[in-house]
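*Asks:* What follows is protein.cif; its format and atoms are mmCIF, C-alpha atoms.
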```cif
data_start
loop_
_atom_site.group_PDB
_atom_site.id
_atom_site.type_symbol
_atom_site.label_atom_id
_atom_site.label_comp_id
_atom_site.auth_asym_id
_atom_site.auth_seq_id
_atom_site.Cartn_x
_atom_site.Cartn_y
_atom_site.Cartn_z
ATOM 1 C CA LEU A 216 -20.694 -5.446 -27.576
ATOM 2 C CA LEU A 217 -20.032 -2.774 -24.959
ATOM 3 C CA ASN A 218 -23.417 -1.160 -25.521
ATOM 4 C CA LYS A 219 -25.060 -4.448 -24.410
ATOM 5 C CA ILE A 220 -23.329 -4.365 -21.007
ATOM 6 C CA ASP A 221 -25.103 -2.759 -18.030
ATOM 7 C CA VAL A 222 -22.030 -2.546 -15.777
ATOM 8 C CA LEU A 223 -18.406 -2.949 -16.803
ATOM 9 C CA ILE A 224 -16.175 -4.779 -14.343
ATOM 10 C CA THR A 225 -12.510 -4.363 -15.172
ATOM 11 C CA ASP A 226 -9.098 -4.302 -13.560
ATOM 12 C CA TYR A 227 -6.524 -2.058 -15.243
ATOM 13 C CA SER A 228 -7.622 -2.667 -18.800
ATOM 14 C CA SER A 229 -8.003 0.345 -21.055
ATOM 15 C CA ILE A 230 -11.400 -0.925 -22.225
ATOM 16 C CA TYR A 231 -13.040 1.431 -19.761
ATOM 17 C CA PHE A 232 -11.864 4.399 -21.855
ATOM 18 C CA ASP A 233 -14.159 3.166 -24.639
ATOM 19 C CA TYR A 234 -16.918 2.344 -22.146
ATOM 20 C CA LEU A 235 -16.833 5.951 -20.885
ATOM 21 C CA LEU A 236 -18.514 6.995 -24.130
ATOM 22 C CA LEU A 237 -21.637 5.094 -23.056
ATOM 23 C CA GLU A 238 -21.787 6.891 -19.680
ATOM 24 C CA LYS A 239 -22.710 3.650 -17.912
ATOM 25 C CA PRO A 240 -21.543 2.384 -14.508
ATOM 26 C CA MET A 241 -18.229 0.629 -14.080
ATOM 27 C CA ILE A 242 -16.502 -1.144 -11.231
ATOM 28 C CA PHE A 243 -12.748 -1.484 -10.871
ATOM 29 C CA TYR A 244 -11.517 -4.748 -9.363
ATOM 30 C CA CYS A 245 -8.033 -3.806 -8.209
ATOM 31 C CA TYR A 246 -7.229 -6.696 -5.870
ATOM 32 C CA ASP A 247 -3.495 -6.450 -6.657
ATOM 33 C CA LEU A 248 -3.163 -2.683 -7.006
ATOM 34 C CA THR A 249 0.050 -2.303 -4.999
ATOM 35 C CA GLU A 250 1.833 -5.064 -6.890
ATOM 36 C CA TYR A 251 0.577 -3.851 -10.273
ATOM 37 C CA GLN A 252 1.581 -0.270 -9.557
ATOM 38 C CA SER A 253 5.089 -1.268 -8.500
ATOM 39 C CA SER A 254 5.669 -3.614 -11.441
ATOM 40 C CA ARG A 255 3.868 -1.897 -14.349
ATOM 41 C CA GLY A 256 2.872 1.539 -13.150
ATOM 42 C CA PHE A 257 0.216 3.858 -14.539
ATOM 43 C CA TYR A 258 0.200 6.715 -17.015
ATOM 44 C CA PHE A 259 -2.294 8.638 -14.847
ATOM 45 C CA ASP A 260 -3.234 8.801 -11.189
ATOM 46 C CA TYR A 261 -5.343 5.657 -10.859
ATOM 47 C CA ASP A 262 -7.880 6.997 -8.381
ATOM 48 C CA SER A 263 -8.540 10.211 -10.282
ATOM 49 C CA VAL A 264 -9.255 8.565 -13.657
ATOM 50 C CA THR A 265 -11.261 5.507 -12.601
ATOM 51 C CA PRO A 266 -14.848 6.696 -12.054
ATOM 52 C CA GLY A 267 -16.433 3.913 -10.081
ATOM 53 C CA PRO A 268 -16.121 1.804 -6.966
ATOM 54 C CA LYS A 269 -12.693 0.257 -6.372
ATOM 55 C CA ALA A 270 -12.963 -3.271 -5.000
ATOM 56 C CA ARG A 271 -9.832 -4.769 -3.473
ATOM 57 C CA THR A 272 -11.388 -8.035 -2.321
ATOM 58 C CA PHE A 273 -13.946 -10.381 -3.822
ATOM 59 C CA ALA A 274 -16.382 -9.482 -1.052
ATOM 60 C CA GLU A 275 -15.977 -5.781 -1.900
ATOM 61 C CA LEU A 276 -16.553 -6.625 -5.563
ATOM 62 C CA LEU A 277 -19.823 -8.373 -4.736
ATOM 63 C CA ARG A 278 -20.955 -5.398 -2.606
ATOM 64 C CA ALA A 279 -20.013 -2.975 -5.397
ATOM 65 C CA ILE A 280 -21.981 -4.989 -7.954
ATOM 66 C CA GLU A 281 -25.008 -5.091 -5.668
ATOM 67 C CA ALA A 282 -24.838 -1.367 -4.860
ATOM 68 C CA THR A 283 -24.378 -0.445 -8.512
ATOM 69 C CA LEU A 284 -27.285 -2.591 -9.700
ATOM 70 C CA GLU A 285 -29.503 -1.297 -6.881
ATOM 71 C CA GLY A 286 -28.539 2.277 -7.718
ATOM 72 C CA THR A 287 -27.300 3.076 -4.223
ATOM 73 C CA VAL A 288 -23.994 4.386 -5.589
ATOM 74 C CA ASP A 289 -23.836 7.013 -8.297
ATOM 75 C CA PHE A 290 -20.642 7.856 -10.123
ATOM 76 C CA SER A 291 -22.350 9.555 -13.081
ATOM 77 C CA ALA A 292 -20.748 12.945 -12.379
ATOM 78 C CA GLU A 293 -17.312 11.315 -12.138
ATOM 79 C CA ILE A 294 -17.944 9.339 -15.331
ATOM 80 C CA LEU A 295 -18.768 12.569 -17.184
ATOM 81 C CA ARG A 296 -15.706 14.318 -15.749
ATOM 82 C CA VAL A 297 -13.349 11.531 -16.841
ATOM 83 C CA LYS A 298 -15.112 11.186 -20.202
ATOM 84 C CA ARG A 299 -14.473 14.874 -20.900
ATOM 85 C CA LEU A 300 -10.852 14.403 -19.847
ATOM 86 C CA PHE A 301 -10.170 11.654 -22.406
ATOM 87 C CA HIS A 302 -12.729 12.217 -25.173
ATOM 88 C CA LYS A 303 -12.750 15.530 -26.970
ATOM 89 C CA PHE A 304 -15.540 14.302 -29.254
ATOM 90 C CA SER A 305 -18.367 11.839 -28.700
ATOM 91 C CA ASP A 306 -20.642 12.769 -31.574
ATOM 92 C CA GLY A 307 -20.193 9.722 -33.793
ATOM 93 C CA GLN A 308 -18.217 11.705 -36.377
ATOM 94 C CA SER A 309 -14.673 10.601 -35.523
ATOM 95 C CA SER A 310 -14.232 8.504 -38.669
ATOM 96 C CA ARG A 311 -15.258 11.458 -40.817
ATOM 97 C CA ARG A 312 -12.795 13.744 -39.018
ATOM 98 C CA ILE A 313 -9.977 11.235 -39.399
ATOM 99 C CA SER A 314 -10.785 10.759 -43.088
ATOM 100 C CA MET A 315 -10.741 14.512 -43.663
ATOM 101 C CA GLU A 316 -7.448 14.856 -41.806
ATOM 102 C CA ILE A 317 -5.867 12.092 -43.905
ATOM 103 C CA ARG A 318 -7.145 13.698 -47.110
ATOM 104 C CA THR A 319 -5.741 17.039 -46.006
ATOM 105 C CA GLU A 320 -2.361 15.494 -45.189
ATOM 106 C CA LEU A 321 -2.305 13.746 -48.545
ATOM 107 C CA GLN A 322 -3.516 16.949 -50.207
ATOM 108 C CA MET A 323 -6.532 15.136 -51.612
ATOM 109 C CA SER A 324 -9.222 17.540 -50.402
#
```
Could I get this structure in the form of structure tokens?
*Replies:*
Amino acid sequence: LLNKIDVLITDYSSIYFDYLLLEKPMIFYCYDLTEYQSSRGFYFDYDSVTPGPKARTFAELLRAIEATLEGTVDFSAEILRVKRLFHKFSDGQSSRRISMEIRTELQMS
């Protein structure tokens, strides 16, 4: 379903890692960032791995949606940078590579 979405709006969900493969805009709604960071924490620096506007209030979220849909903000370079950071491959051949690796491990090749 992700390929049907024009703009992903998420909080701290890892779904954006998958969405990076599509190289489409995303908005991060982090209204409770301080509380989340102190209770759960992050594996990575939040600001450096979230390539899109960060909205901390509902009004900021609405402005980010409007700006993104109007094309007045462009995070495409950041999206590509973060995509390269987390995705070594994006050629549609991951299942084949995994299958070959399993066969090799099981000495079936």
*Asks:* Name the residues that the PyMOL selection byres ((chain A and resi 263) around 12) picks from the file above, as a list of chain:residue names, using the file's chain letters and numbers.
*Replies:*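 Evaluating the PyMOL selection byres ((chain A and resi 263) around 12) on these coordinates yields A:Phe257, A:Tyr258, A:Phe259, A:Asp260, A:Tyr261, A:Asp262, A:Val264, A:Thr265, A:Pro266, A:Gly267, A:Pro268, A:Lys269, A:Glu293, A:Ile294, A:Arg296, A:Val297, A:Lys298, A:Leu300.
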*Asks:* Identify, on the basis of all atoms listed in the file, every residue whose closest approach to stretch 279-284 of chain A does not exceed 8 Å; exclude the query and any residue fewer than 4 positions from it along the same chain; express the result as a ChimeraX atom specification.
*Replies:* /A:222,240,242,268,270,275,288-289
*Asks:* Go ahead and compute the interatomic distance for atom CA of A:Ser254 and atom CA of A:Tyr227, in Å to one decimal.
*Replies:* 12.9 Å
*Asks:* For atom CA of A:Leu295 and atom CA of A:Arg278, quote the distance in Å rounded to one decimal.
*Replies:*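 Atom CA of A:Arg278 lies 23.2 Å from atom CA of A:Leu295.
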*Asks:* With a distance cut-off of 10 Å and all atoms listed in the file, select the neighbouring residues of A:Leu217, excluding the residue or stretch itself and same-chain residues fewer than 6 positions from it, and output the selection as a compact mmCIF listing (two decimals) with C-alpha atoms, keeping the file's coordinate frame.
*Replies:*
```txt
# COMPACT_ATOMS: atom_id res chain seq x y z
CA LEU A 223 -18.41 -2.95 -16.80
CA ILE A 230 -11.40 -0.92 -22.22
CA TYR A 231 -13.04 1.43 -19.76
CA ASP A 233 -14.16 3.17 -24.64
CA TYR A 234 -16.92 2.34 -22.15
CA LEU A 236 -18.51 7.00 -24.13
CA LEU A 237 -21.64 5.09 -23.06
CA LYS A 239 -22.71 3.65 -17.91
```
*Asks:* Figure out the distance between atom CA of A:Ile224 and atom CA of A:Tyr244, please, to one decimal in Å.
*Replies:* 6.8 Å
*Asks:* Taking only C-alpha atoms into account, name the residue in A:Met315, A:Ala292, A:Leu321, A:Leu277 that is nearest to A:Glu238.
*Replies:*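 Counting only C-alpha atoms, the residue closest to A:Glu238 is A:Ala292.
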*Asks:* Which of these, A:Met241, A:Lys219, A:Leu235, A:Thr287, has the shortest distance to A:Ser305 once you count all atoms listed in the file?
*Replies:*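 Of A:Met241, A:Lys219, A:Leu235, A:Thr287, the one nearest A:Ser305 is A:Leu235, counting all atoms listed in the file.
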*Asks:* Would you mind putting back N, CA and C atoms on stretch 275-304 of chain A, then writing it out as a PDB file, keeping the file's coordinate frame?
*Replies:*
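The file below, result-v8.pdb, is the result:
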```pdb
ATOM      1  N   GLU A 275     -15.728  -7.173  -1.500  1.00  0.00           N
ATOM      2  CA  GLU A 275     -15.977  -5.781  -1.900  1.00  0.00           C
ATOM      3  C   GLU A 275     -16.527  -5.713  -3.320  1.00  0.00           C
ATOM      4  N   LEU A 276     -16.051  -6.581  -4.196  1.00  0.00           N
ATOM      5  CA  LEU A 276     -16.553  -6.625  -5.563  1.00  0.00           C
ATOM      6  C   LEU A 276     -18.036  -6.973  -5.571  1.00  0.00           C
ATOM      7  N   LEU A 277     -18.415  -7.983  -4.807  1.00  0.00           N
ATOM      8  CA  LEU A 277     -19.823  -8.373  -4.736  1.00  0.00           C
ATOM      9  C   LEU A 277     -20.682  -7.225  -4.199  1.00  0.00           C
ATOM     10  N   ARG A 278     -20.206  -6.540  -3.159  1.00  0.00           N
ATOM     11  CA  ARG A 278     -20.955  -5.398  -2.606  1.00  0.00           C
ATOM     12  C   ARG A 278     -21.060  -4.271  -3.633  1.00  0.00           C
ATOM     13  N   ALA A 279     -19.993  -4.032  -4.376  1.00  0.00           N
ATOM     14  CA  ALA A 279     -20.013  -2.975  -5.397  1.00  0.00           C
ATOM     15  C   ALA A 279     -20.991  -3.311  -6.510  1.00  0.00           C
ATOM     16  N   ILE A 280     -21.028  -4.567  -6.919  1.00  0.00           N
ATOM     17  CA  ILE A 280     -21.981  -4.989  -7.954  1.00  0.00           C
ATOM     18  C   ILE A 280     -23.404  -4.781  -7.454  1.00  0.00           C
ATOM     19  N   GLU A 281     -23.669  -5.230  -6.238  1.00  0.00           N
ATOM     20  CA  GLU A 281     -25.008  -5.091  -5.668  1.00  0.00           C
ATOM     21  C   GLU A 281     -25.414  -3.614  -5.554  1.00  0.00           C
ATOM     22  N   ALA A 282     -24.528  -2.794  -5.021  1.00  0.00           N
ATOM     23  CA  ALA A 282     -24.838  -1.367  -4.860  1.00  0.00           C
ATOM     24  C   ALA A 282     -25.049  -0.678  -6.205  1.00  0.00           C
ATOM     25  N   THR A 283     -24.251  -1.054  -7.186  1.00  0.00           N
ATOM     26  CA  THR A 283     -24.378  -0.445  -8.512  1.00  0.00           C
ATOM     27  C   THR A 283     -25.698  -0.851  -9.160  1.00  0.00           C
ATOM     28  N   LEU A 284     -26.037  -2.123  -9.100  1.00  0.00           N
ATOM     29  CA  LEU A 284     -27.285  -2.591  -9.700  1.00  0.00           C
ATOM     30  C   LEU A 284     -28.509  -2.051  -8.974  1.00  0.00           C
ATOM     31  N   GLU A 285     -28.392  -1.861  -7.657  1.00  0.00           N
ATOM     32  CA  GLU A 285     -29.503  -1.297  -6.881  1.00  0.00           C
ATOM     33  C   GLU A 285     -29.603   0.211  -7.038  1.00  0.00           C
ATOM     34  N   GLY A 286     -28.543   0.825  -7.540  1.00  0.00           N
ATOM     35  CA  GLY A 286     -28.539   2.277  -7.718  1.00  0.00           C
ATOM     36  C   GLY A 286     -28.231   3.048  -6.452  1.00  0.00           C
ATOM     37  N   THR A 287     -27.627   2.385  -5.471  1.00  0.00           N
ATOM     38  CA  THR A 287     -27.300   3.076  -4.223  1.00  0.00           C
ATOM     39  C   THR A 287     -25.967   3.803  -4.273  1.00  0.00           C
ATOM     40  N   VAL A 288     -25.209   3.603  -5.342  1.00  0.00           N
ATOM     41  CA  VAL A 288     -23.994   4.386  -5.589  1.00  0.00           C
ATOM     42  C   VAL A 288     -24.155   5.057  -6.950  1.00  0.00           C
ATOM     43  N   ASP A 289     -23.683   6.265  -7.049  1.00  0.00           N
ATOM     44  CA  ASP A 289     -23.836   7.013  -8.297  1.00  0.00           C
ATOM     45  C   ASP A 289     -22.530   7.717  -8.618  1.00  0.00           C
ATOM     46  N   PHE A 290     -21.897   7.260  -9.671  1.00  0.00           N
ATOM     47  CA  PHE A 290     -20.642   7.856 -10.123  1.00  0.00           C
ATOM     48  C   PHE A 290     -20.838   8.601 -11.433  1.00  0.00           C
ATOM     49  N   SER A 291     -22.081   8.943 -11.776  1.00  0.00           N
ATOM     50  CA  SER A 291     -22.350   9.555 -13.081  1.00  0.00           C
ATOM     51  C   SER A 291     -21.598  10.870 -13.276  1.00  0.00           C
ATOM     52  N   ALA A 292     -21.490  11.684 -12.244  1.00  0.00           N
ATOM     53  CA  ALA A 292     -20.748  12.945 -12.379  1.00  0.00           C
ATOM     54  C   ALA A 292     -19.266  12.670 -12.619  1.00  0.00           C
ATOM     55  N   GLU A 293     -18.720  11.680 -11.941  1.00  0.00           N
ATOM     56  CA  GLU A 293     -17.312  11.315 -12.138  1.00  0.00           C
ATOM     57  C   GLU A 293     -17.094  10.719 -13.528  1.00  0.00           C
ATOM     58  N   ILE A 294     -18.044   9.922 -13.985  1.00  0.00           N
ATOM     59  CA  ILE A 294     -17.944   9.339 -15.331  1.00  0.00           C
ATOM     60  C   ILE A 294     -17.894  10.456 -16.372  1.00  0.00           C
ATOM     61  N   LEU A 295     -18.767  11.440 -16.239  1.00  0.00           N
ATOM     62  CA  LEU A 295     -18.768  12.569 -17.184  1.00  0.00           C
ATOM     63  C   LEU A 295     -17.472  13.362 -17.115  1.00  0.00           C
ATOM     64  N   ARG A 296     -16.957  13.568 -15.910  1.00  0.00           N
ATOM     65  CA  ARG A 296     -15.706  14.318 -15.749  1.00  0.00           C
ATOM     66  C   ARG A 296     -14.558  13.595 -16.458  1.00  0.00           C
ATOM     67  N   VAL A 297     -14.443  12.297 -16.242  1.00  0.00           N
ATOM     68  CA  VAL A 297     -13.349  11.531 -16.841  1.00  0.00           C
ATOM     69  C   VAL A 297     -13.569  11.389 -18.348  1.00  0.00           C
ATOM     70  N   LYS A 298     -14.814  11.244 -18.765  1.00  0.00           N
ATOM     71  CA  LYS A 298     -15.112  11.186 -20.202  1.00  0.00           C
ATOM     72  C   LYS A 298     -14.626  12.455 -20.890  1.00  0.00           C
ATOM     73  N   ARG A 299     -14.916  13.602 -20.309  1.00  0.00           N
ATOM     74  CA  ARG A 299     -14.473  14.874 -20.900  1.00  0.00           C
ATOM     75  C   ARG A 299     -12.948  14.987 -20.905  1.00  0.00           C
ATOM     76  N   LEU A 300     -12.305  14.370 -19.931  1.00  0.00           N
ATOM     77  CA  LEU A 300     -10.852  14.403 -19.847  1.00  0.00           C
ATOM     78  C   LEU A 300     -10.197  13.645 -21.004  1.00  0.00           C
ATOM     79  N   PHE A 301     -10.795  12.525 -21.408  1.00  0.00           N
ATOM     80  CA  PHE A 301     -10.170  11.654 -22.406  1.00  0.00           C
ATOM     81  C   PHE A 301     -10.823  11.684 -23.786  1.00  0.00           C
ATOM     82  N   HIS A 302     -12.020  12.220 -23.888  1.00  0.00           N
ATOM     83  CA  HIS A 302     -12.729  12.217 -25.173  1.00  0.00           C
ATOM     84  C   HIS A 302     -13.129  13.632 -25.553  1.00  0.00           C
ATOM     85  N   LYS A 303     -12.413  14.189 -26.493  1.00  0.00           N
ATOM     86  CA  LYS A 303     -12.750  15.530 -26.970  1.00  0.00           C
ATOM     87  C   LYS A 303     -14.074  15.507 -27.720  1.00  0.00           C
ATOM     88  N   PHE A 304     -14.316  14.437 -28.473  1.00  0.00           N
ATOM     89  CA  PHE A 304     -15.540  14.302 -29.254  1.00  0.00           C
ATOM     90  C   PHE A 304     -16.260  13.012 -28.869  1.00  0.00           C
TER      91      PHE A 304
END
```
